[in-house]
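> Input model_1.cif, format and content: mmCIF, C-alpha atoms and all ligand atoms.
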data_run
#
loop_
_atom_site.label_atom_id
_atom_site.label_comp_id
_atom_site.auth_asym_id
_atom_site.auth_seq_id
_atom_site.Cartn_x
_atom_site.Cartn_y
_atom_site.Cartn_z
CA LEU A 1 103.79 108.42 115.76
CA HIS A 2 101.92 108.65 112.49
CA ASP A 3 104.41 111.26 111.22
CA GLN A 4 107.21 108.95 112.19
CA PHE A 5 105.78 106.21 109.95
CA GLU A 6 105.25 108.72 107.14
CA SER A 7 108.87 109.85 107.25
CA GLU A 8 110.01 106.56 105.72
CA HIS A 9 107.29 106.24 103.10
CA HIS A 10 109.72 106.64 100.22
CA LEU A 11 112.10 103.92 101.46
CA ALA A 12 111.99 100.24 100.54
CA ALA A 13 110.55 97.71 102.96
CA GLU A 14 113.79 96.05 103.87
CA THR A 15 114.59 94.30 107.11
CA LEU A 16 117.67 95.30 109.13
CA ASP A 17 119.53 92.37 107.62
CA GLY A 18 118.62 93.33 104.07
CA GLU A 19 115.66 91.10 103.15
CA HIS A 20 113.36 92.92 100.77
CA VAL A 21 109.63 92.49 101.35
CA LYS A 22 107.22 93.65 98.66
CA LEU A 23 104.39 95.70 100.09
CA LEU A 24 101.37 96.02 97.85
CA VAL A 25 97.94 97.52 98.33
CA ASN A 26 94.47 96.07 98.43
CA ALA A 27 92.26 98.35 96.36
CA GLY A 28 88.88 98.42 94.76
CA LEU A 29 86.93 101.56 95.27
CA GLU A 30 88.37 105.03 95.52
CA LEU A 31 90.85 105.33 92.72
CA SER A 32 92.02 108.71 94.02
CA SER A 33 92.89 107.52 97.51
CA ASP A 34 94.41 104.33 96.15
CA LEU A 35 96.47 106.52 93.88
CA ALA A 36 97.83 108.56 96.72
CA SER A 37 99.83 105.54 97.78
CA ALA A 38 100.98 104.66 94.30
CA ASN A 39 104.43 106.13 94.78
CA PHE A 40 105.55 104.13 97.76
CA MET A 41 104.39 100.63 97.16
CA ASP A 42 105.16 97.76 94.86
CA GLY A 43 101.81 97.51 93.09
CA VAL A 44 98.30 96.25 93.76
CA GLY A 45 98.24 92.80 95.33
CA LEU A 46 94.47 92.58 95.32
CA TYR A 47 92.10 94.61 93.21
CA ARG A 48 88.56 93.72 94.34
CA THR A 49 86.55 94.19 91.15
CA GLU A 50 83.24 93.49 92.89
CA ALA A 51 83.52 96.76 94.86
CA TRP A 52 82.86 98.73 91.69
CA PHE A 53 80.05 96.38 90.60
CA MET A 54 78.41 96.95 93.99
CA GLN A 55 78.01 100.65 93.24
CA LYS A 56 76.10 100.04 90.01
CA ASN A 57 72.42 99.42 89.39
CA ALA A 58 72.98 96.83 86.67
CA PHE A 59 75.84 94.73 85.39
CA PRO A 60 78.32 97.07 83.70
CA THR A 61 78.83 96.30 80.02
CA GLN A 62 82.07 94.90 78.68
CA ALA A 63 82.97 98.33 77.28
CA GLU A 64 82.31 100.05 80.63
CA GLN A 65 84.40 97.48 82.41
CA GLU A 66 87.21 97.84 79.91
CA ALA A 67 87.32 101.60 80.44
CA TRP A 68 87.36 101.20 84.22
CA TYR A 69 90.02 98.50 84.28
CA ARG A 70 92.16 100.51 81.91
CA GLN A 71 91.97 103.49 84.24
CA VAL A 72 93.08 101.29 87.12
CA LEU A 73 95.91 99.57 85.22
CA SER A 74 97.16 102.90 83.88
CA ALA A 75 97.03 104.52 87.29
CA TYR A 76 99.46 102.00 88.72
CA TYR A 77 101.47 101.32 85.56
CA PRO A 78 104.15 99.94 85.37
CA SER A 79 103.56 98.29 88.77
CA PRO A 80 101.60 95.03 88.62
CA VAL A 81 97.88 95.01 89.38
CA VAL A 82 96.40 91.70 90.50
CA MET A 83 92.76 91.92 89.46
CA ARG A 84 90.47 89.47 91.10
CA THR A 85 87.51 88.27 89.07
CA LEU A 86 84.09 88.96 90.56
CA ASP A 87 83.87 87.71 94.15
CA ILE A 88 80.20 88.11 94.98
CA GLY A 89 78.13 86.00 97.34
CA GLY A 90 78.94 85.57 101.02
CA ASP A 91 79.16 89.10 102.43
CA LYS A 92 79.22 90.86 99.04
CA MET A 93 75.92 91.18 97.23
CA LEU A 94 74.82 93.07 94.13
CA SER A 95 71.41 94.77 94.28
CA TYR A 96 70.70 93.61 90.72
CA PHE A 97 71.71 89.98 91.15
CA ASP A 98 69.49 88.05 93.46
CA VAL A 99 71.20 85.46 95.64
CA LYS A 100 69.25 84.44 98.74
CA GLU A 101 70.69 81.58 100.69
CA GLU A 102 70.47 80.14 104.19
CA ASN A 103 74.22 79.84 104.42
CA PRO A 104 75.83 82.24 101.96
CA PHE A 105 79.44 81.76 103.06
CA LEU A 106 79.14 78.10 102.13
CA GLY A 107 77.03 78.81 99.11
CA TRP A 108 77.22 80.42 95.73
CA ARG A 109 80.35 82.55 96.00
CA GLY A 110 83.30 83.77 93.98
CA VAL A 111 84.41 81.63 91.07
CA ARG A 112 81.38 79.34 91.52
CA VAL A 113 79.11 82.15 90.35
CA SER A 114 81.45 83.05 87.48
CA LEU A 115 81.57 79.47 86.22
CA ASP A 116 77.78 79.18 86.36
CA HIS A 117 77.50 82.41 84.35
CA PRO A 118 80.14 82.10 81.62
CA GLU A 119 78.59 85.01 79.72
CA LEU A 120 79.29 87.36 82.64
CA PHE A 121 82.69 85.81 83.26
CA LEU A 122 83.73 86.10 79.59
CA ASP A 123 82.65 89.75 79.56
CA GLN A 124 84.82 90.47 82.55
CA LEU A 125 87.81 88.53 81.25
CA LYS A 126 87.63 90.14 77.82
CA ALA A 127 87.34 93.60 79.37
CA MET A 128 90.45 92.91 81.45
CA LEU A 129 92.45 91.58 78.48
CA LYS A 130 91.51 94.55 76.30
CA ALA A 131 92.25 97.03 79.06
CA ASN A 132 95.68 95.49 79.44
CA ALA A 133 96.61 95.83 75.75
CA GLY A 134 99.67 98.03 75.47
CA LEU A 135 100.16 98.09 79.25
CA GLY A 136 100.93 94.53 80.32
CA ASN A 137 100.76 95.00 84.09
CA LEU A 138 97.61 92.90 84.62
CA LYS A 139 97.53 89.62 86.53
CA ILE A 140 94.27 87.73 87.00
CA LEU A 141 93.24 86.09 90.27
CA PHE A 142 90.38 83.62 90.81
CA PRO A 143 88.60 83.79 94.22
CA MET A 144 87.04 81.03 96.38
CA VAL A 145 88.73 78.20 94.57
CA THR A 146 88.16 74.81 96.22
CA ASP A 147 88.87 72.33 93.47
CA VAL A 148 91.25 71.77 90.55
CA SER A 149 88.46 71.42 88.00
CA GLU A 150 87.23 74.94 88.79
CA VAL A 151 90.59 76.34 87.83
CA SER A 152 90.72 74.21 84.67
CA GLN A 153 87.33 75.59 83.66
CA ALA A 154 88.24 79.16 84.55
CA LYS A 155 91.46 78.92 82.54
CA ARG A 156 89.60 77.44 79.58
CA LEU A 157 87.24 80.40 79.61
CA LEU A 158 90.17 82.78 79.84
CA GLU A 159 91.76 81.08 76.83
CA ARG A 160 88.48 81.33 74.96
CA ALA A 161 88.27 85.03 75.79
CA TYR A 162 91.81 85.46 74.51
CA TYR A 163 91.26 83.62 71.20
CA GLU A 164 87.94 85.30 70.50
CA LEU A 165 89.54 88.68 71.10
CA GLU A 166 92.50 87.86 68.90
CA ASP A 167 90.08 87.22 66.04
CA GLU A 168 88.15 90.45 66.47
CA TRP A 169 91.09 92.64 67.49
CA SER A 170 92.06 95.19 64.87
CA ASP A 171 94.29 97.61 66.73
CA GLU A 172 97.56 97.72 64.84
CA PHE A 173 99.60 99.11 67.73
CA TYR A 174 98.66 96.98 70.70
CA THR A 175 98.29 93.23 70.95
CA ILE A 176 96.28 91.18 73.39
CA GLU A 177 98.54 89.33 75.79
CA MET A 178 97.86 86.36 78.02
CA PRO A 179 98.45 87.56 81.59
CA GLU A 180 99.71 85.55 84.53
CA VAL A 181 96.96 83.72 86.37
CA GLY A 182 96.67 82.92 90.07
CA VAL A 183 94.35 81.40 92.63
CA MET A 184 93.34 82.60 96.06
CA LEU A 185 94.06 80.21 98.89
CA GLU A 186 91.18 81.00 101.18
CA VAL A 187 89.37 77.68 101.56
CA PRO A 188 91.06 74.88 103.52
CA SER A 189 90.86 72.40 100.63
CA SER A 190 92.90 74.70 98.40
CA VAL A 191 95.77 74.60 100.88
CA PHE A 192 96.18 70.88 100.27
CA LEU A 193 96.38 71.34 96.50
CA ILE A 194 99.56 73.39 96.27
CA PRO A 195 101.39 70.77 94.13
CA GLU A 196 98.47 70.96 91.68
CA TRP A 197 98.42 74.78 91.69
CA ALA A 198 102.13 74.80 90.97
CA GLU A 199 101.37 72.90 87.75
CA LYS A 200 98.35 74.94 86.78
CA VAL A 201 98.88 78.59 87.74
CA ASP A 202 101.60 81.24 87.92
CA PHE A 203 101.06 82.39 91.51
CA CYS A 204 98.80 82.15 94.52
CA SER A 205 97.56 84.66 97.03
CA VAL A 206 96.48 83.70 100.53
CA GLY A 207 93.20 85.30 101.63
CA SER A 208 93.72 85.08 105.36
CA ASN A 209 90.31 86.62 106.15
CA ASP A 210 88.33 83.83 104.59
CA LEU A 211 90.91 81.19 105.42
CA THR A 212 90.57 82.11 109.11
CA GLN A 213 86.80 82.04 108.83
CA TYR A 214 86.73 78.61 107.20
CA LEU A 215 89.43 77.03 109.34
CA LEU A 216 87.84 78.15 112.59
CA ALA A 217 84.23 77.83 111.40
CA VAL A 218 83.57 81.42 112.48
CA ASP A 219 81.41 83.68 110.32
CA ARG A 220 83.59 86.74 109.78
CA THR A 221 80.54 89.06 109.83
CA ASN A 222 78.82 87.68 112.92
CA ALA A 223 79.38 89.97 115.93
CA ARG A 224 78.36 87.27 118.36
CA VAL A 225 81.36 85.13 117.49
CA ALA A 226 83.72 87.96 116.59
CA GLU A 227 86.05 87.11 119.45
CA LEU A 228 86.59 83.66 118.04
CA PHE A 229 87.73 85.08 114.71
CA ASN A 230 91.46 85.32 115.26
CA PRO A 231 94.17 84.79 112.64
CA TYR A 232 96.71 84.37 115.49
CA HIS A 233 95.00 81.11 116.42
CA PRO A 234 97.83 78.55 116.41
CA ALA A 235 96.00 76.39 113.85
CA VAL A 236 95.77 79.32 111.44
CA LEU A 237 99.42 80.20 111.93
CA ARG A 238 100.48 76.62 111.34
CA VAL A 239 98.47 76.49 108.13
CA LEU A 240 99.98 79.78 106.91
CA ASN A 241 103.41 78.42 107.72
CA THR A 242 102.73 75.20 105.82
CA ILE A 243 101.54 77.19 102.81
CA ALA A 244 104.80 79.13 102.73
CA ALA A 245 106.88 75.96 103.02
CA GLN A 246 104.92 74.10 100.33
CA CYS A 247 104.93 77.01 97.90
CA GLN A 248 108.69 77.22 98.28
CA GLN A 249 109.04 73.47 97.82
CA PHE A 250 106.93 73.50 94.65
CA GLU A 251 108.30 76.83 93.42
CA LEU A 252 104.93 78.56 93.29
CA PRO A 253 105.20 82.33 93.87
CA PHE A 254 103.03 83.28 96.85
CA SER A 255 101.71 86.36 98.54
CA LEU A 256 99.17 87.14 101.26
CA CYS A 257 96.40 89.72 101.00
CA GLY A 258 94.29 89.42 104.15
CA GLU A 259 94.04 91.86 107.05
CA LEU A 260 96.72 89.93 108.95
CA ALA A 261 99.36 91.46 106.68
CA ALA A 262 98.23 94.98 107.65
CA ASP A 263 99.06 94.38 111.27
CA PRO A 264 102.80 94.80 112.05
CA GLU A 265 102.55 91.85 114.45
CA GLY A 266 101.10 89.69 111.70
CA ALA A 267 103.54 90.94 109.07
CA ILE A 268 106.49 90.01 111.29
CA LEU A 269 105.27 86.43 111.65
CA LEU A 270 104.55 86.17 107.92
CA VAL A 271 108.01 87.39 106.96
CA ALA A 272 109.47 84.85 109.38
CA MET A 273 107.48 82.12 107.60
CA GLY A 274 109.00 83.16 104.28
CA TYR A 275 106.39 85.53 102.83
CA ARG A 276 108.15 88.22 100.79
CA SER A 277 105.04 89.80 99.33
CA LEU A 278 102.25 91.25 101.47
CA SER A 279 99.20 93.14 100.28
CA MET A 280 97.20 95.36 102.62
CA ASN A 281 94.98 98.42 102.87
CA PRO A 282 96.99 101.48 101.80
CA GLY A 283 96.72 103.06 105.26
CA SER A 284 98.77 100.29 106.86
CA ILE A 285 101.76 100.21 104.53
CA ASN A 286 103.85 102.74 106.41
CA GLN A 287 103.51 101.17 109.84
CA VAL A 288 104.30 97.69 108.51
CA LYS A 289 107.31 99.09 106.69
CA TRP A 290 108.43 100.92 109.81
CA ALA A 291 108.33 97.72 111.86
CA LEU A 292 110.09 95.56 109.26
CA ARG A 293 112.89 98.08 108.77
CA ARG A 294 113.80 97.76 112.45
CA LEU A 295 114.04 93.98 112.69
CA GLU A 296 116.27 91.14 111.60
CA VAL A 297 114.73 88.07 110.01
CA ARG A 298 116.65 85.66 112.24
CA PHE A 299 115.05 87.15 115.36
CA MET A 300 111.65 87.03 113.71
CA GLU A 301 112.26 83.36 112.93
CA ASP A 302 113.07 82.62 116.58
CA LEU A 303 109.89 84.40 117.57
CA LEU A 304 107.87 82.40 115.02
CA ALA A 305 109.26 79.10 116.27
CA GLU A 306 108.04 79.98 119.75
CA CYS A 307 104.67 81.21 118.50
CA LEU A 308 104.01 78.04 116.55
CA MET A 309 104.25 76.05 119.78
CA GLN A 310 101.71 78.14 121.70
CA PRO A 311 98.33 76.64 122.51
CA SER A 312 96.33 79.85 122.13
CA ALA A 313 96.03 83.07 120.15
CA ILE A 314 96.30 85.15 123.32
CA LEU A 315 99.69 83.68 124.16
CA VAL A 316 100.90 84.15 120.57
CA GLN A 317 99.88 87.80 120.55
CA ARG A 318 101.49 88.40 123.94
CA LEU A 319 104.78 86.98 122.66
CA VAL A 320 104.72 89.12 119.53
CA ARG A 321 103.90 92.26 121.45
CA ASN A 322 106.74 91.67 123.89
CA PHE A 323 109.06 91.06 120.96
CA ILE A 324 108.15 94.38 119.38
CA VAL A 325 108.71 96.22 122.65
CA GLU A 326 112.10 94.53 123.11
CA HIS A 327 113.28 95.16 119.57
CA GLY A 328 111.46 98.35 118.75
C1 LIG A 401 90.43 87.33 102.15
O1 LIG A 401 89.47 86.55 102.15
O2 LIG A 401 91.35 87.29 102.98
C2 LIG A 401 90.53 88.38 101.12
C3 LIG A 401 91.61 89.10 100.98
O3 LIG A 401 89.45 88.59 100.32
P1 LIG A 401 88.13 89.31 100.82
O4 LIG A 401 88.43 89.94 102.15
O5 LIG A 401 87.78 90.28 99.75
O6 LIG A 401 87.16 88.16 100.91
MG MG A 402 88.10 86.30 100.51
#
In structure tokens, what does this structure look like?

Amino acid sequence: LHDQFESEHHLAAETLDGEHVKLLVNAGLELSSDLASANFMDGVGLYRTEAWFMQKNAFPTQAEQEAWYRQVLSAYYPSPVVMRTLDIGGDKMLSYFDVKEENPFLGWRGVRVSLDHPELFLDQLKAMLKANAGLGNLKILFPMVTDVSEVSQAKRLLERAYYELEDEWSDEFYTIEMPEVGVMLEVPSSVFLIPEWAEKVDFCSVGSNDLTQYLLAVDRTNARVAELFNPYHPAVLRVLNTIAAQCQQFELPFSLCGELAADPEGAILLVAMGYRSLSMNPGSINQVKWALRRLEVRFMEDLLAECLMQPSAILVQRLVRNFIVEHG
């Protein structure tokens, strides 16, 4: 079956009725294995910068970061690379940055840490902007956003990074450009701020892993409650559906980069909701593409309508599985 998926790797992810769906990769660690997929996808939908920081023994300098980001941007050039600013805290810790908390998932995480340490944040932003000079395929994404003021502050720091660099920049060939900026929708509050995001940012990316965790109040790393962590929970699906509708209404480009997109069953529901950009681990691209290429959107939409009325995740998943058997 794996070979079957591979056989279509060079083709576009297009549904039977001609809807194009962008498939991007989530990346962060192994540049070589990420690279292997570079020829059959539409770019990097989520580059987790913290993965590289986690391998170090101290904070990498601005120059080290610049070199690394440049390698990543060049590797995927001219496809877009959505680089997420440092998302530490929660389940991702750095050995050289002490954060001990009773309740880390509700604590000092993501953009909260960056805003409390503008010197680290500015280093990272400047490294990204410099790495992007002459390339132009960088987009910047802020994680764990819960509030409009966080994004205002983050954007102000990005502007400061940009102006400071402009002053010190002496390269006569390349100029520093202001990239597109986006927010992750992974905390319930952020879902209710889509009209504000449409004013403030260029795009958003749904982090369905954390969004599921926070909507269902289930620690995504706790084995004892692992069975309760289910993105097919009707409440999660309804929220994802609302996000798609609101982003369309307010003309905010949107994408999804959680594990749900890597599952053909999940991808089908997301496409039915209106998602046309899905980012996933590179190993899942071919099977998602395979499934989408065999289905028509109107049938997926009928399926979605039924799924949204189900009272439980089990019933949703049963419906989707039957659908795939019938149509596949
Ligand atoms: C998510 O939360 O869905 C996500 C993509 O980010 P991460 O898994 O890195 O928290
Ligand atoms: Mg997340």
> Using all atoms listed in the file, what are the residues with an atom within 7 Å of ligand MG 402 (chain A), set out as an NGL selection string?
:A and (143-144 or 186 or 207 or 209-210)
> Could you write those residues out with C-alpha atoms, as a PDB file, in the frame of the given file?

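As written to disk, result_18.pdb reads:
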ATOM      1  CA  PRO A 143      88.600  83.790  94.220  1.00  0.00           C
ATOM      2  CA  MET A 144      87.040  81.030  96.380  1.00  0.00           C
ATOM      3  CA  GLU A 186      91.180  81.000 101.180  1.00  0.00           C
ATOM      4  CA  GLY A 207      93.200  85.300 101.630  1.00  0.00           C
ATOM      5  CA  ASN A 209      90.310  86.620 106.150  1.00  0.00           C
ATOM      6  CA  ASP A 210      88.330  83.830 104.590  1.00  0.00           C
TER       7      ASP A 210
END
> Hey, can you check how far CA of Trp108 in chain A sits from CA of Pro188 in chain A?
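So the answer is 16.8 Å.
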> Taking all atoms listed in the file into account, which residues have an atom no farther than 9 Å from ligand LIG 401 (chain A)? I'd like them as a ChimeraX atom specification.
/A:26,46-48,50,87,90-92,143-144,184-187,205-213,256-260,279-280
> Please produce, as CSV, a per-residue contact table for range 9-80 of chain A versus range 294-313 of chain A (criterion: any atom at most 9 Å away, only C-alpha atoms considered), showing the nearest atom pair and its distance in Å to one decimal, sorted by chain then residue number.

residue,atom,partner,partner_atom,distance
A:Glu14,CA,A:Arg294,CA,8.7
A:Thr15,CA,A:Leu295,CA,5.6
A:Leu16,CA,A:Glu296,CA,5.0
A:Asp17,CA,A:Glu296,CA,5.3
A:Gly18,CA,A:Glu296,CA,8.2
A:Glu19,CA,A:Val297,CA,7.6
> For the residues selected in the previous step, produce a file with C-alpha atoms as a PDB file, keeping the file's coordinate frame.

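Heads up, here's the output in result38.pdb:
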ATOM      1  CA  GLU A  14     113.790  96.050 103.870  1.00  0.00           C
ATOM      2  CA  THR A  15     114.590  94.300 107.110  1.00  0.00           C
ATOM      3  CA  LEU A  16     117.670  95.300 109.130  1.00  0.00           C
ATOM      4  CA  ASP A  17     119.530  92.370 107.620  1.00  0.00           C
ATOM      5  CA  GLY A  18     118.620  93.330 104.070  1.00  0.00           C
ATOM      6  CA  GLU A  19     115.660  91.100 103.150  1.00  0.00           C
TER       7      GLU A  19
END
> Would you compute the distance between CA of Pro264 in chain A and CA of Gln287 in chain A? Give it in Å to one decimal.
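Atom-to-atom, CA of Pro264 in chain A to CA of Gln287 in chain A, that is 6.8 Å.
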> So how many Å separate CA of Leu11 in chain A and CA of Cys247 in chain A, to one decimal?
28.1 Å
> Could you tell me, as a list in words, which residues have any atom at most 10 Å from (95.1, 93.3, 71.3), counting only C-alpha atoms?
Leu129, Lys130, Ala131, Asn132, Ala133, Gly134, Tyr162, Leu165, Glu166, Asp167, Glu168, Trp169, Ser170, Asp171, Glu172, Phe173, Tyr174, Thr175, Ile176 and Glu177 of chain A
> For a cut-off of 10 Å around (113.4, 84.1, 102.6), file coordinates, pick out all residues using only C-alpha atoms and list them as a count of residues only.
12
> Determine the nearest neighbour of His233 in chain A from the options A:Gln317, A:Ala267, A:Asp202, A:Ser152, counting only C-alpha atoms.
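For His233 in chain A, the nearest of the candidates is A:Gln317.
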> Tyr232 in chain A: which residues within 8 Å, counting only C-alpha atoms, same-chain residues fewer than 2 positions away excluded, as a VMD selection string?
chain A and resid 230 234 236 to 237 266 313 to 314 316 to 317
> Could you pull the residues within 10 Å of Pro78 in chain A, counting all atoms listed in the file, minus those fewer than 6 positions along the same chain, as a VMD selection string?
chain A and resid 42 to 43 135 to 138
> Which one is closest to Val145 in chain A: A:Gly89, A:Pro118, A:Gly283, A:Gly182? Count all atoms listed in the file.
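Of A:Gly89, A:Pro118, A:Gly283, A:Gly182, the one nearest Val145 in chain A, counting all atoms listed in the file, is A:Gly182.
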> Could you put an axis-aligned box around every listed atom of range 190-206 of chain A, padded by 4 Å on each side, and send me its centre and edge lengths in Å to one decimal, as lines of an AutoDock Vina configuration file?

center_x = 97.5
center_y = 77.7
center_z = 93.8
size_x = 17.2
size_y = 21.9
size_z = 22.1
> Which of these residues is nearest to Arg84 in chain A, using only C-alpha atoms: A:Thr49, A:Ser114, A:Ser189, A:Gln246?
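Smallest distance to Arg84 in chain A is found for A:Thr49.
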> May I ask which of the residues A:Gln249, A:Gln153, A:Thr146, A:Asn103 is the closest one to Leu115 in chain A, counting all atoms listed in the file?
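Closest to Leu115 in chain A, using all atoms listed in the file: A:Gln153.
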> Which residue out of A:Ser255, A:Arg321, A:Met41, A:Arg220 has the minimum interatomic distance to Ala13 in chain A when all atoms listed in the file are used?
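Looking at the shortest contact to Ala13 in chain A, the residue is A:Met41.
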> Might you pull out every residue within 12 Å of Thr61 in chain A, with only C-alpha atoms counted and same-chain residues fewer than 5 positions away left off, and present them as a ChimeraX atom specification?
/A:53,56,66-68,119-127
> Grab the residues selected above and save them as a PDB file, in the coordinates of the input with C-alpha atoms.

ATOM      1  CA  PHE A  53      80.050  96.380  90.600  1.00  0.00           C
ATOM      2  CA  LYS A  56      76.100 100.040  90.010  1.00  0.00           C
ATOM      3  CA  GLU A  66      87.210  97.840  79.910  1.00  0.00           C
ATOM      4  CA  ALA A  67      87.320 101.600  80.440  1.00  0.00           C
ATOM      5  CA  TRP A  68      87.360 101.200  84.220  1.00  0.00           C
ATOM      6  CA  GLU A 119      78.590  85.010  79.720  1.00  0.00           C
ATOM      7  CA  LEU A 120      79.290  87.360  82.640  1.00  0.00           C
ATOM      8  CA  PHE A 121      82.690  85.810  83.260  1.00  0.00           C
ATOM      9  CA  LEU A 122      83.730  86.100  79.590  1.00  0.00           C
ATOM     10  CA  ASP A 123      82.650  89.750  79.560  1.00  0.00           C
ATOM     11  CA  GLN A 124      84.820  90.470  82.550  1.00  0.00           C
ATOM     12  CA  LEU A 125      87.810  88.530  81.250  1.00  0.00           C
ATOM     13  CA  LYS A 126      87.630  90.140  77.820  1.00  0.00           C
ATOM     14  CA  ALA A 127      87.340  93.600  79.370  1.00  0.00           C
TER      15      ALA A 127
END
